>>> print(open('structure19.pdb').read())   # PDB, C-alpha atoms (C1' of nucleotides)
ATOM      1  CA  MET V  22       9.614  -0.111   6.784
ATOM      2  CA  LEU V  23       9.575  -3.647   8.013
ATOM      3  CA  LEU V  24       6.219  -3.251   9.727
ATOM      4  CA  SER V  25       3.076  -1.558   8.471
ATOM      5  CA  GLN V  26       2.151   1.751  10.013
ATOM      6  CA  THR V  27      -0.758   0.046  11.701
ATOM      7  CA  ALA V  28       1.434  -2.585  13.313
ATOM      8  CA  VAL V  29       3.778   0.133  14.555
ATOM      9  CA  TYR V  30       0.871   1.981  16.178
ATOM     10  CA  ALA V  31      -0.235  -1.277  17.767
ATOM     11  CA  LEU V  32       3.203  -1.816  19.226
ATOM     12  CA  LYS V  33       3.501   1.724  20.470
ATOM     13  CA  ALA V  34       0.099   1.599  22.092
ATOM     14  CA  VAL V  35       0.936  -1.541  24.009
ATOM     15  CA  LEU V  36       4.227  -0.045  25.092
ATOM     16  CA  TYR V  37       2.409   3.068  26.199
ATOM     17  CA  LEU V  38      -0.018   0.991  28.227
ATOM     18  CA  ALA V  39       2.803  -0.957  29.792
ATOM     19  CA  GLU V  40       4.546   2.216  30.827
ATOM     20  CA  ASN V  41       1.621   4.420  31.769
ATOM     21  CA  GLY V  42      -1.204   2.068  32.656
ATOM     22  CA  SER V  43      -1.615   0.775  36.159
ATOM     23  CA  ASP V  44      -4.833  -0.608  37.617
ATOM     24  CA  GLU V  45      -6.878   2.002  35.836
ATOM     25  CA  PRO V  46      -7.686   1.656  32.135
ATOM     26  CA  LEU V  47      -6.365   4.370  29.857
ATOM     27  CA  ARG V  48      -8.707   6.166  27.476
ATOM     28  CA  VAL V  49      -8.148   6.120  23.716
ATOM     29  CA  ASP V  50      -8.039   9.885  23.778
ATOM     30  CA  ASP V  51      -5.144   9.944  26.187
ATOM     31  CA  ILE V  52      -3.186   7.214  24.438
ATOM     32  CA  ALA V  53      -3.736   8.898  21.084
ATOM     33  CA  ARG V  54      -2.545  12.210  22.421
ATOM     34  CA  GLY V  55       0.385  10.598  24.174
ATOM     35  CA  LEU V  56       1.519   8.854  21.017
ATOM     36  CA  ASN V  57       0.538  11.628  18.644
ATOM     37  CA  VAL V  58      -1.596   9.294  16.575
ATOM     38  CA  PRO V  59      -5.093   9.919  15.141
ATOM     39  CA  ARG V  60      -7.698   9.048  17.723
ATOM     40  CA  ASN V  61     -10.277   7.102  15.694
ATOM     41  CA  TYR V  62      -7.632   5.269  13.808
ATOM     42  CA  LEU V  63      -6.006   4.175  17.034
ATOM     43  CA  SER V  64      -9.407   3.225  18.386
ATOM     44  CA  LYS V  65      -9.831   0.654  15.645
ATOM     45  CA  ILE V  66      -6.365  -0.724  16.189
ATOM     46  CA  LEU V  67      -6.980  -1.102  19.912
ATOM     47  CA  HIS V  68     -10.287  -2.764  19.167
ATOM     48  CA  VAL V  69      -8.548  -5.369  17.004
ATOM     49  CA  GLN V  70      -6.067  -6.006  19.767
ATOM     50  CA  ALA V  71      -8.884  -6.387  22.265
ATOM     51  CA  LYS V  72     -10.566  -8.954  20.041
ATOM     52  CA  ALA V  73      -7.232 -10.749  19.780
ATOM     53  CA  GLY V  74      -7.197 -11.037  23.543
ATOM     54  CA  LEU V  75      -4.234  -8.758  24.106
ATOM     55  CA  LEU V  76      -6.166  -5.906  25.649
ATOM     56  CA  ASP V  77      -9.254  -5.496  27.780
ATOM     57  CA  SER V  78     -11.643  -2.732  26.859
ATOM     58  CA  THR V  79     -14.155  -1.166  29.192
ATOM     59  CA  ARG V  80     -16.858   1.246  28.120
ATOM     60  CA  GLY V  81     -18.389   4.035  30.101
ATOM     61  CA  PRO V  82     -16.947   6.325  32.722
ATOM     62  CA  ARG V  83     -13.557   5.208  34.033
ATOM     63  CA  GLY V  84     -13.345   2.952  30.998
ATOM     64  CA  GLY V  85     -10.560   2.534  28.482
ATOM     65  CA  PHE V  86      -7.975  -0.040  27.563
ATOM     66  CA  GLN V  87      -5.707  -2.186  29.704
ATOM     67  CA  LEU V  88      -3.194  -4.887  28.995
ATOM     68  CA  SER V  89      -4.846  -8.209  29.608
ATOM     69  CA  ARG V  90      -1.545  -9.936  30.225
ATOM     70  CA  ASP V  91       1.743  -9.569  31.986
ATOM     71  CA  PRO V  92       4.063  -7.536  29.709
ATOM     72  CA  ALA V  93       6.796 -10.066  30.407
ATOM     73  CA  GLN V  94       4.627 -12.711  28.728
ATOM     74  CA  LEU V  95       3.680 -10.584  25.738
ATOM     75  CA  SER V  96       5.888 -10.954  22.668
ATOM     76  CA  LEU V  97       6.219  -8.447  19.859
ATOM     77  CA  ALA V  98       5.207 -11.185  17.444
ATOM     78  CA  GLU V  99       1.849 -11.602  19.141
ATOM     79  CA  ILE V 100       1.136  -7.906  18.975
ATOM     80  CA  ILE V 101       2.087  -7.624  15.349
ATOM     81  CA  ALA V 102       0.346 -10.793  14.213
ATOM     82  CA  PRO V 103      -3.198  -9.397  13.775
ATOM     83  CA  PHE V 104      -1.870  -6.714  11.415
ATOM     84  CA  ASP V 105       1.137  -8.128   9.727
ATOM     85  CA  ASP V 106       2.164 -11.640   8.809
ATOM     86  CA  ILE V 107       5.598 -10.582   7.800
ATOM     87  CA  ALA V 108       7.541 -12.666  10.242
ATOM     88  CA  PHE V 109       5.622 -15.819   9.600
ATOM     89  CA  SER V 110       3.916 -16.915   6.438
ATOM     90  CA  SER V 111       5.708 -14.659   3.996
ATOM     91  CA  ALA V 112       9.257 -15.270   5.037
ATOM     92  CA  CYS V 113      10.344 -15.921   1.443
ATOM     93  CA  LEU V 114      12.509 -13.105   0.162
ATOM     94  CA  LEU V 115      11.182 -13.559  -3.361
ATOM     95  CA  GLY V 116       7.579 -13.587  -2.198
ATOM     96  CA  ARG V 117       6.805 -17.190  -2.984
ATOM     97  CA  GLU V 118       3.937 -18.877  -1.243
ATOM     98  CA  ARG V 119       5.808 -22.092  -0.903
ATOM     99  CA  CYS V 120       9.451 -21.834  -0.140
ATOM    100  CA  SER V 121      11.091 -24.487   1.969
ATOM    101  CA  ASP V 122      14.150 -26.667   2.061
ATOM    102  CA  ASP V 123      12.320 -29.018  -0.299
ATOM    103  CA  THR V 124      10.992 -26.369  -2.660
ATOM    104  CA  PRO V 125      13.481 -23.530  -2.267
ATOM    105  CA  CYS V 126      13.550 -20.244  -4.116
ATOM    106  CA  ALA V 127      16.894 -19.056  -5.420
ATOM    107  CA  ALA V 128      17.576 -17.157  -2.214
ATOM    108  CA  HIS V 129      16.241 -19.683   0.250
ATOM    109  CA  THR V 130      19.394 -21.230   1.650
ATOM    110  CA  ARG V 131      21.157 -17.970   2.224
ATOM    111  CA  TRP V 132      18.143 -16.055   3.421
ATOM    112  CA  LYS V 133      16.684 -18.514   5.884
ATOM    113  CA  ASN V 134      19.160 -17.911   8.656
ATOM    114  CA  VAL V 135      18.718 -14.175   8.436
ATOM    115  CA  SER V 136      14.934 -14.355   8.367
ATOM    116  CA  ALA V 137      14.984 -16.798  11.253
ATOM    117  CA  SER V 138      16.873 -14.282  13.334
ATOM    118  CA  VAL V 139      14.153 -11.727  12.639
ATOM    119  CA  ARG V 140      11.426 -14.153  13.625
ATOM    120  CA  THR V 141      13.300 -15.132  16.749
ATOM    121  CA  PHE V 142      13.743 -11.524  17.725
ATOM    122  CA  LEU V 143      10.033 -10.820  17.350
ATOM    123  CA  SER V 144       8.858 -13.899  19.182
ATOM    124  CA  GLU V 145      11.350 -13.760  22.024
ATOM    125  CA  THR V 146      11.384 -10.053  22.725
ATOM    126  CA  THR V 147       8.657  -9.009  25.124
ATOM    127  CA  ILE V 148       6.977  -5.726  25.895
ATOM    128  CA  HIS V 149       8.635  -5.896  29.265
ATOM    129  CA  ASP V 150      12.028  -5.999  27.566
ATOM    130  CA  LEU V 151      11.294  -2.811  25.631
ATOM    131  CA  SER V 152       9.483  -0.889  28.312
ATOM    132  CA  HIS V 153      12.615  -0.850  30.420
ATOM    133  CA  SER V 154      14.814   0.593  27.719
ATOM    134  CA  GLY V 155      14.584   4.090  29.127
ATOM    135  CA  ALA V 156      13.745   5.501  25.698
ATOM    136  CA  SER V 157      10.534   7.351  24.987
ATOM    137  CA  VAL V 158       7.829   5.579  23.029
ATOM    138  CA  VAL V 159       6.478   8.817  21.690
ATOM    139  CA  SER V 160       7.503  10.806  18.622
ATOM    140  CA  GLY V 161       8.641   9.177  15.495
TER
ATOM    141  CA  MET J  25       6.599  -9.381   2.840
ATOM    142  CA  LEU J  26       9.925  -7.778   3.556
ATOM    143  CA  LEU J  27      10.225  -6.342   0.057
ATOM    144  CA  SER J  28       7.628  -4.614  -2.052
ATOM    145  CA  GLN J  29       6.195  -6.510  -4.976
ATOM    146  CA  THR J  30       8.050  -4.176  -7.298
ATOM    147  CA  ALA J  31      11.389  -4.852  -5.663
ATOM    148  CA  VAL J  32      10.746  -8.577  -5.889
ATOM    149  CA  TYR J  33      10.057  -8.294  -9.619
ATOM    150  CA  ALA J  34      13.243  -6.279  -9.997
ATOM    151  CA  LEU J  35      15.240  -8.981  -8.266
ATOM    152  CA  LYS J  36      13.663 -11.770 -10.249
ATOM    153  CA  ALA J  37      14.248  -9.988 -13.517
ATOM    154  CA  VAL J  38      17.938  -9.548 -12.801
ATOM    155  CA  LEU J  39      18.206 -13.181 -11.769
ATOM    156  CA  TYR J  40      16.455 -14.167 -14.959
ATOM    157  CA  LEU J  41      18.876 -12.107 -17.001
ATOM    158  CA  ALA J  42      21.833 -13.595 -15.181
ATOM    159  CA  GLU J  43      20.622 -17.095 -15.900
ATOM    160  CA  ASN J  44      19.207 -16.724 -19.398
ATOM    161  CA  GLY J  45      20.950 -13.744 -20.931
ATOM    162  CA  SER J  46      24.179 -14.120 -22.757
ATOM    163  CA  ASP J  47      25.610 -11.671 -25.285
ATOM    164  CA  GLU J  48      22.179 -11.049 -26.716
ATOM    165  CA  PRO J  49      19.720  -8.760 -24.932
ATOM    166  CA  LEU J  50      16.465 -10.332 -23.765
ATOM    167  CA  ARG J  51      13.167  -8.747 -24.708
ATOM    168  CA  VAL J  52      10.718  -7.539 -22.043
ATOM    169  CA  ASP J  53       8.126  -9.827 -23.536
ATOM    170  CA  ASP J  54      10.250 -12.890 -23.002
ATOM    171  CA  ILE J  55      11.325 -11.951 -19.487
ATOM    172  CA  ALA J  56       7.736 -11.153 -18.555
ATOM    173  CA  ARG J  57       6.538 -14.468 -19.878
ATOM    174  CA  GLY J  58       9.400 -16.303 -18.230
ATOM    175  CA  LEU J  59       8.654 -14.775 -14.851
ATOM    176  CA  ASN J  60       4.891 -14.708 -15.273
ATOM    177  CA  VAL J  61       4.747 -11.000 -14.546
ATOM    178  CA  PRO J  62       2.704  -8.289 -16.327
ATOM    179  CA  ARG J  63       4.620  -7.040 -19.338
ATOM    180  CA  ASN J  64       4.145  -3.288 -19.133
ATOM    181  CA  TYR J  65       4.623  -3.241 -15.431
ATOM    182  CA  LEU J  66       7.883  -5.119 -15.783
ATOM    183  CA  SER J  67       8.885  -2.763 -18.561
ATOM    184  CA  LYS J  68       8.732   0.179 -16.179
ATOM    185  CA  ILE J  69      10.692  -1.667 -13.549
ATOM    186  CA  LEU J  70      13.404  -2.566 -16.027
ATOM    187  CA  HIS J  71      13.479   1.017 -17.214
ATOM    188  CA  VAL J  72      14.135   2.216 -13.657
ATOM    189  CA  GLN J  73      16.920  -0.303 -13.323
ATOM    190  CA  ALA J  74      18.410   0.850 -16.598
ATOM    191  CA  LYS J  75      18.373   4.441 -15.405
ATOM    192  CA  ALA J  76      20.058   3.292 -12.212
ATOM    193  CA  GLY J  77      22.850   1.846 -14.314
ATOM    194  CA  LEU J  78      22.158  -1.783 -13.517
ATOM    195  CA  LEU J  79      20.844  -2.740 -16.943
ATOM    196  CA  ASP J  80      21.487  -1.710 -20.511
ATOM    197  CA  SER J  81      18.474  -1.269 -22.736
ATOM    198  CA  THR J  82      18.506  -1.396 -26.509
ATOM    199  CA  ARG J  83      15.537  -0.487 -28.689
ATOM    200  CA  GLY J  84      14.637  -1.864 -32.040
ATOM    201  CA  PRO J  85      15.127  -5.296 -33.556
ATOM    202  CA  ARG J  86      17.475  -7.524 -31.558
ATOM    203  CA  GLY J  87      16.987  -5.092 -28.691
ATOM    204  CA  GLY J  88      16.053  -5.749 -25.108
ATOM    205  CA  PHE J  89      17.705  -5.671 -21.705
ATOM    206  CA  GLN J  90      21.093  -6.887 -20.537
ATOM    207  CA  LEU J  91      22.962  -6.806 -17.284
ATOM    208  CA  SER J  92      25.417  -3.964 -17.445
ATOM    209  CA  ARG J  93      27.656  -5.517 -14.822
ATOM    210  CA  ASP J  94      29.193  -8.760 -13.716
ATOM    211  CA  PRO J  95      26.613 -10.615 -11.585
ATOM    212  CA  ALA J  96      29.352 -11.323  -9.088
ATOM    213  CA  GLN J  97      29.679  -7.567  -8.509
ATOM    214  CA  LEU J  98      25.959  -6.923  -8.248
ATOM    215  CA  SER J  99      24.496  -6.983  -4.750
ATOM    216  CA  LEU J 100      20.859  -7.505  -3.866
ATOM    217  CA  ALA J 101      20.950  -4.210  -2.008
ATOM    218  CA  GLU J 102      21.827  -2.316  -5.172
ATOM    219  CA  ILE J 103      18.979  -3.909  -7.072
ATOM    220  CA  ILE J 104      16.451  -3.232  -4.372
ATOM    221  CA  ALA J 105      17.590   0.300  -3.601
ATOM    222  CA  PRO J 106      15.692   2.154  -6.373
ATOM    223  CA  PHE J 107      12.418   0.650  -5.160
ATOM    224  CA  ASP J 108      12.757   0.054  -1.475
ATOM    225  CA  ASP J 109      14.759   1.766   1.218
ATOM    226  CA  ILE J 110      13.899  -0.817   3.781
ATOM    227  CA  ALA J 111      17.364  -1.990   4.514
ATOM    228  CA  PHE J 112      18.778   1.468   4.827
ATOM    229  CA  SER J 113      17.083   4.603   5.998
ATOM    230  CA  SER J 114      14.068   3.072   7.683
ATOM    231  CA  ALA J 115      15.798   0.517   9.806
ATOM    232  CA  CYS J 116      13.952   1.635  12.949
ATOM    233  CA  LEU J 117      11.448  -0.983  14.025
ATOM    234  CA  LEU J 118       9.107   1.663  15.388
ATOM    235  CA  GLY J 119       9.303   3.747  12.233
ATOM    236  CA  ARG J 120      11.156   6.703  13.681
ATOM    237  CA  GLU J 121      13.042   8.970  11.350
ATOM    238  CA  ARG J 122      15.864   9.390  13.761
ATOM    239  CA  CYS J 123      16.832   6.353  15.718
ATOM    240  CA  SER J 124      20.425   5.874  16.691
ATOM    241  CA  ASP J 125      22.564   4.983  19.651
ATOM    242  CA  ASP J 126      22.263   8.590  20.750
ATOM    243  CA  THR J 127      18.535   8.963  20.144
ATOM    244  CA  PRO J 128      17.251   5.408  20.459
ATOM    245  CA  CYS J 129      13.685   4.205  20.269
ATOM    246  CA  ALA J 130      12.539   1.676  22.838
ATOM    247  CA  ALA J 131      13.537  -1.219  20.598
ATOM    248  CA  HIS J 132      16.772   0.181  19.280
ATOM    249  CA  THR J 133      19.395  -1.703  21.244
ATOM    250  CA  ARG J 134      17.821  -5.086  20.780
ATOM    251  CA  TRP J 135      16.767  -4.576  17.176
ATOM    252  CA  LYS J 136      19.941  -3.122  15.746
ATOM    253  CA  ASN J 137      21.890  -6.349  15.598
ATOM    254  CA  VAL J 138      19.058  -8.133  13.861
ATOM    255  CA  SER J 139      18.500  -5.375  11.343
ATOM    256  CA  ALA J 140      22.217  -5.170  10.717
ATOM    257  CA  SER J 141      22.254  -8.831   9.780
ATOM    258  CA  VAL J 142      19.528  -8.145   7.225
ATOM    259  CA  ARG J 143      21.461  -5.230   5.760
ATOM    260  CA  THR J 144      24.624  -7.268   5.649
ATOM    261  CA  PHE J 145      22.862 -10.091   3.883
ATOM    262  CA  LEU J 146      21.459  -7.767   1.238
ATOM    263  CA  SER J 147      24.673  -5.909   0.607
ATOM    264  CA  GLU J 148      26.986  -8.909   0.609
ATOM    265  CA  THR J 149      24.881 -11.374  -1.331
ATOM    266  CA  THR J 150      25.312 -11.074  -5.066
ATOM    267  CA  ILE J 151      23.242 -12.130  -8.036
ATOM    268  CA  HIS J 152      25.973 -14.568  -8.831
ATOM    269  CA  ASP J 153      25.480 -16.207  -5.426
ATOM    270  CA  LEU J 154      21.791 -16.740  -6.091
ATOM    271  CA  SER J 155      21.957 -17.692  -9.724
ATOM    272  CA  HIS J 156      23.944 -20.771  -8.837
ATOM    273  CA  SER J 157      21.467 -22.032  -6.299
ATOM    274  CA  GLY J 158      19.934 -24.495  -8.731
ATOM    275  CA  ALA J 159      16.448 -23.293  -7.835
ATOM    276  CA  SER J 160      14.071 -21.839 -10.375
ATOM    277  CA  VAL J 161      13.489 -18.094 -10.360
ATOM    278  CA  VAL J 162      10.030 -18.496 -11.791
ATOM    279  CA  SER J 163       6.693 -19.112 -10.055
ATOM    280  CA  GLY J 164       5.766 -17.680  -6.753
TER
ATOM    281  C1'  DA N   4      12.367   5.762 -47.543
ATOM    282  C1'  DG N   5       9.466   2.216 -45.493
ATOM    283  C1'  DA N   6       8.276  -1.750 -42.706
ATOM    284  C1'  DA N   7       9.088  -4.380 -38.710
ATOM    285  C1'  DT N   8      10.581  -4.597 -34.077
ATOM    286  C1'  DT N   9      11.245  -3.208 -29.580
ATOM    287  C1'  DA N  10      11.537  -0.129 -25.512
ATOM    288  C1'  DA N  11       9.323   4.172 -23.522
ATOM    289  C1'  DT N  12       5.543   6.631 -22.125
ATOM    290  C1'  DC N  13       0.773   8.062 -21.289
ATOM    291  C1'  DA N  14      -3.755   7.598 -19.493
ATOM    292  C1'  DT N  15      -6.349   5.086 -16.740
ATOM    293  C1'  DA N  16      -8.149   1.373 -13.508
ATOM    294  C1'  DT N  17      -8.023  -1.262  -9.201
ATOM    295  C1'  DC N  18      -6.997  -2.193  -4.588
ATOM    296  C1'  DA N  19      -5.103  -1.844   0.110
ATOM    297  C1'  DT N  20      -3.507   1.240   3.454
ATOM    298  C1'  DC N  21      -4.034   5.155   5.989
ATOM    299  C1'  DA N  22      -6.992   8.350   7.850
ATOM    300  C1'  DT N  23     -11.206  11.639   9.181
ATOM    301  C1'  DG N  24     -15.805  12.856  10.840
ATOM    302  C1'  DA N  25     -20.160  11.597  12.348
ATOM    303  C1'  DT N  26     -23.042   8.566  14.674
ATOM    304  C1'  DG N  27     -24.383   4.468  17.563
ATOM    305  C1'  DA N  28     -24.114   1.414  21.635
ATOM    306  C1'  DA N  29     -22.738   0.201  26.237
ATOM    307  C1'  DC N  30     -21.840   1.591  30.778
ATOM    308  C1'  DG N  31     -21.731   4.092  35.439
ATOM    309  C1'  DC N  32     -23.675   7.183  38.423
ATOM    310  C1'  DA N  33     -26.920  10.295  40.536
TER
ATOM    311  C1'  DT K   1     -34.717   7.195  34.364
ATOM    312  C1'  DG K   2     -31.662  10.320  32.372
ATOM    313  C1'  DC K   3     -27.173  12.207  31.464
ATOM    314  C1'  DG K   4     -22.406  12.157  30.564
ATOM    315  C1'  DT K   5     -18.536   9.218  29.390
ATOM    316  C1'  DT K   6     -16.308   6.105  26.648
ATOM    317  C1'  DC K   7     -15.593   2.499  23.178
ATOM    318  C1'  DA K   8     -17.640   0.663  18.567
ATOM    319  C1'  DT K   9     -18.912   1.294  14.067
ATOM    320  C1'  DC K  10     -20.270   3.434   9.681
ATOM    321  C1'  DA K  11     -19.517   6.193   5.630
ATOM    322  C1'  DT K  12     -16.338   8.431   3.195
ATOM    323  C1'  DG K  13     -12.011  10.252   1.309
ATOM    324  C1'  DA K  14      -6.798  10.557   0.267
ATOM    325  C1'  DT K  15      -2.829   8.335  -1.122
ATOM    326  C1'  DG K  16       0.367   5.073  -3.008
ATOM    327  C1'  DA K  17       1.198   0.449  -4.907
ATOM    328  C1'  DT K  18      -0.012  -2.436  -8.401
ATOM    329  C1'  DA K  19      -1.317  -3.094 -12.508
ATOM    330  C1'  DT K  20      -3.547  -2.751 -17.912
ATOM    331  C1'  DG K  21      -4.107  -1.012 -22.682
ATOM    332  C1'  DA K  22      -3.038   2.150 -26.159
ATOM    333  C1'  DT K  23       0.152   5.021 -28.230
ATOM    334  C1'  DT K  24       4.773   7.012 -29.287
ATOM    335  C1'  DA K  25       9.751   6.981 -30.136
ATOM    336  C1'  DA K  26      13.941   4.806 -31.401
ATOM    337  C1'  DT K  27      16.362   1.414 -33.979
ATOM    338  C1'  DT K  28      17.437  -2.078 -37.531
ATOM    339  C1'  DC K  29      17.031  -4.086 -41.851
ATOM    340  C1'  DT K  30      15.769  -4.199 -46.557
TER
END
>>> encode(input="structure19.pdb", output="structure tokens")
Amino acid sequence: MLLSQTAVYALKAVLYLAENGSDEPLRVDDIARGLNVPRNYLSKILHVQAKAGLLDSTRGPRGGFQLSRDPAQLSLAEIIAPFDDIAFSSACLLGRERCSDDTPCAAHTRWKNVSASVRTFLSETTIHDLSHSGASVVSG
Amino acid sequence: MLLSQTAVYALKAVLYLAENGSDEPLRVDDIARGLNVPRNYLSKILHVQAKAGLLDSTRGPRGGFQLSRDPAQLSLAEIIAPFDDIAFSSACLLGRERCSDDTPCAAHTRWKNVSASVRTFLSETTIHDLSHSGASVVSG
DNA sequence: AGAATTAATCATATCATCATGATGAACGCA
DNA sequence: TGCGTTCATCATGATGATATGATTAATTCT
């Protein structure tokens, strides 16, 4: 898979919030059940996202998680970033730390356009874009 | 990283063989040293590639590994396949087993063109293409 | 046959990811 | 203040990827 399991859960959770959250925060329990993902595991993922400023968390009764930003301003890249650098630092196909036009790996020239299209997709696609697809976030 | 470490080693080894091997097989020891990769670990990777029909292995004196095919007929996808399905079965961004035009995930429509370009790159780029890049395979 | 060479395999270690269960800390409300 | 709700954190385990070292099997050459 392109993304780690954790990053996928992070994405799904944000999508779930965008589709099901309103003014009220949603509880981890409900999100976890809705996505069919382990509760405590999801809790940690949501916590990381809250620390990254993507979500607001509220404790106590009527607490839970909310998006802290407009879904139309929230890119997939930002959501993935805390869990997975894939689209950014490690864009070299052969896993080199330094791989640029000046110090290319054997695949650099041919690969860079393809990898750029992946990065562009992730940074220009927003949660808003996906949450209007009509497809269910759940099950997978 | 897009590819697993193992798949990267597999790719590098084949590139190394394409660039340094001639009629004579190359020994694991030499390839491992040339690529700066653990010897026994590489040995297993080469063995898998031999079983997949990509390499010929010969034991005993003057033995080692050779490409079993013309580098111009050897795609990156074929080399990666025994180690990593990424480009094929698990093309769904959200990790769903079934994700198609009929049963799409939320990201399907937007992601499919991008992922197709990755698959195309891997299946249409050959070892020959990369081994003439002028860049070193080693280090990284 | 015997020695040298080389890949193949086995047993094990290490680490990150993925995950579970139990407990702690903050909060709201009566 | 006290109780229930909810997120936060801790301790632990399972699994797979990534290795390492030692041994075995096949082959060549003399």
>>> residues_around(input="structure19.pdb", residues="Ala112 in chain V", least_positions_apart="6", cutoff="10 Å", atoms="only C-alpha atoms (C1' of nucleotides)", output="list in words")
Asp106, Glu118, Arg119, Cys120, Ser121, His129, Trp132, Lys133, Ser136, Ala137, Val139 and Arg140 of chain V; Met25 and Leu26 of chain J
>>> resolve_selection(input="structure19.pdb", expression="the PyMOL selection byres ((chain K and resi 3-17) around 10)", output="count of residues only")
39
>>> resolve_selection(input="structure19.pdb", expression="the PyMOL selection byres ((chain V and resi 141-154) around 9)", output="number ranges by chain")
V: 32, 35-37, 39-40, 91-99, 101, 108, 136-140, 155-158; J: 129-135, 138
>>> atom_distance(input="structure19.pdb", atom1="CA of Ser89 in chain V", atom2="CA of Asp44 in chain V")
11.0 Å
>>> resolve_selection(input="structure19.pdb", expression="the PyMOL selection byres ((chain K and resi 22-26) around 9)", output="list in words")
Arg83 and Gly84 of chain J; DT9, DA10, DA11, DT12, DC13 and DA14 of chain N; DG21 and DT27 of chain K
>>> atom_distance(input="structure19.pdb", atom1="CA of Arg57 in chain J", atom2="CA of Asn44 in chain J")
12.9 Å
>>> atom_distance(input="structure19.pdb", atom1="CA of Pro49 in chain J", atom2="C1' of DA4 in chain N")
27.9 Å
>>> closest_residue(input="structure19.pdb", among="V:Leu47, V:Leu115, V:Ala53, V:Ala102", to="Leu24 in chain V", atoms="all atoms listed in the file")
V:Ala102
>>> closest_residue(input="structure19.pdb", among="J:Leu79, J:Asn60, J:Asp126, J:Arg120", to="chain V", atoms="all atoms listed in the file")
J:Arg120
>>> closest_residue(input="structure19.pdb", among="V:Leu38, V:Leu63, V:Ile52, V:Val29", to="chain J", atoms="only C-alpha atoms")
V:Val29
>>> build_atoms(input="structure19.pdb", residues="range 92-103 of chain J", atoms="N, CA and C atoms", output="PDB file, in the coordinates of the input")
ATOM      1  N   SER J  92      24.315  -4.826 -17.042  1.00  0.00           N
ATOM      2  CA  SER J  92      25.417  -3.964 -17.445  1.00  0.00           C
ATOM      3  C   SER J  92      26.657  -4.241 -16.598  1.00  0.00           C
ATOM      4  N   ARG J  93      26.527  -5.215 -15.692  1.00  0.00           N
ATOM      5  CA  ARG J  93      27.656  -5.517 -14.822  1.00  0.00           C
ATOM      6  C   ARG J  93      27.783  -7.006 -14.554  1.00  0.00           C
ATOM      7  N   ASP J  94      28.924  -7.389 -14.134  1.00  0.00           N
ATOM      8  CA  ASP J  94      29.193  -8.760 -13.716  1.00  0.00           C
ATOM      9  C   ASP J  94      28.289  -9.129 -12.540  1.00  0.00           C
ATOM     10  N   PRO J  95      27.512 -10.202 -12.669  1.00  0.00           N
ATOM     11  CA  PRO J  95      26.613 -10.615 -11.585  1.00  0.00           C
ATOM     12  C   PRO J  95      27.341 -10.829 -10.260  1.00  0.00           C
ATOM     13  N   ALA J  96      28.595 -11.111 -10.324  1.00  0.00           N
ATOM     14  CA  ALA J  96      29.352 -11.323  -9.088  1.00  0.00           C
ATOM     15  C   ALA J  96      29.657  -9.999  -8.383  1.00  0.00           C
ATOM     16  N   GLN J  97      29.429  -8.890  -9.096  1.00  0.00           N
ATOM     17  CA  GLN J  97      29.679  -7.567  -8.509  1.00  0.00           C
ATOM     18  C   GLN J  97      28.372  -6.818  -8.247  1.00  0.00           C
ATOM     19  N   LEU J  98      27.272  -7.563  -8.327  1.00  0.00           N
ATOM     20  CA  LEU J  98      25.959  -6.923  -8.248  1.00  0.00           C
ATOM     21  C   LEU J  98      25.233  -7.423  -7.001  1.00  0.00           C
ATOM     22  N   SER J  99      25.117  -6.561  -6.001  1.00  0.00           N
ATOM     23  CA  SER J  99      24.496  -6.983  -4.750  1.00  0.00           C
ATOM     24  C   SER J  99      22.977  -6.830  -4.791  1.00  0.00           C
ATOM     25  N   LEU J 100      22.313  -7.630  -3.980  1.00  0.00           N
ATOM     26  CA  LEU J 100      20.859  -7.505  -3.866  1.00  0.00           C
ATOM     27  C   LEU J 100      20.474  -6.107  -3.406  1.00  0.00           C
ATOM     28  N   ALA J 101      21.255  -5.548  -2.521  1.00  0.00           N
ATOM     29  CA  ALA J 101      20.950  -4.210  -2.008  1.00  0.00           C
ATOM     30  C   ALA J 101      20.890  -3.184  -3.133  1.00  0.00           C
ATOM     31  N   GLU J 102      21.817  -3.277  -4.069  1.00  0.00           N
ATOM     32  CA  GLU J 102      21.827  -2.316  -5.172  1.00  0.00           C
ATOM     33  C   GLU J 102      20.587  -2.449  -6.045  1.00  0.00           C
ATOM     34  N   ILE J 103      20.145  -3.665  -6.226  1.00  0.00           N
ATOM     35  CA  ILE J 103      18.979  -3.909  -7.072  1.00  0.00           C
ATOM     36  C   ILE J 103      17.711  -3.403  -6.408  1.00  0.00           C
TER      37      ILE J 103
END
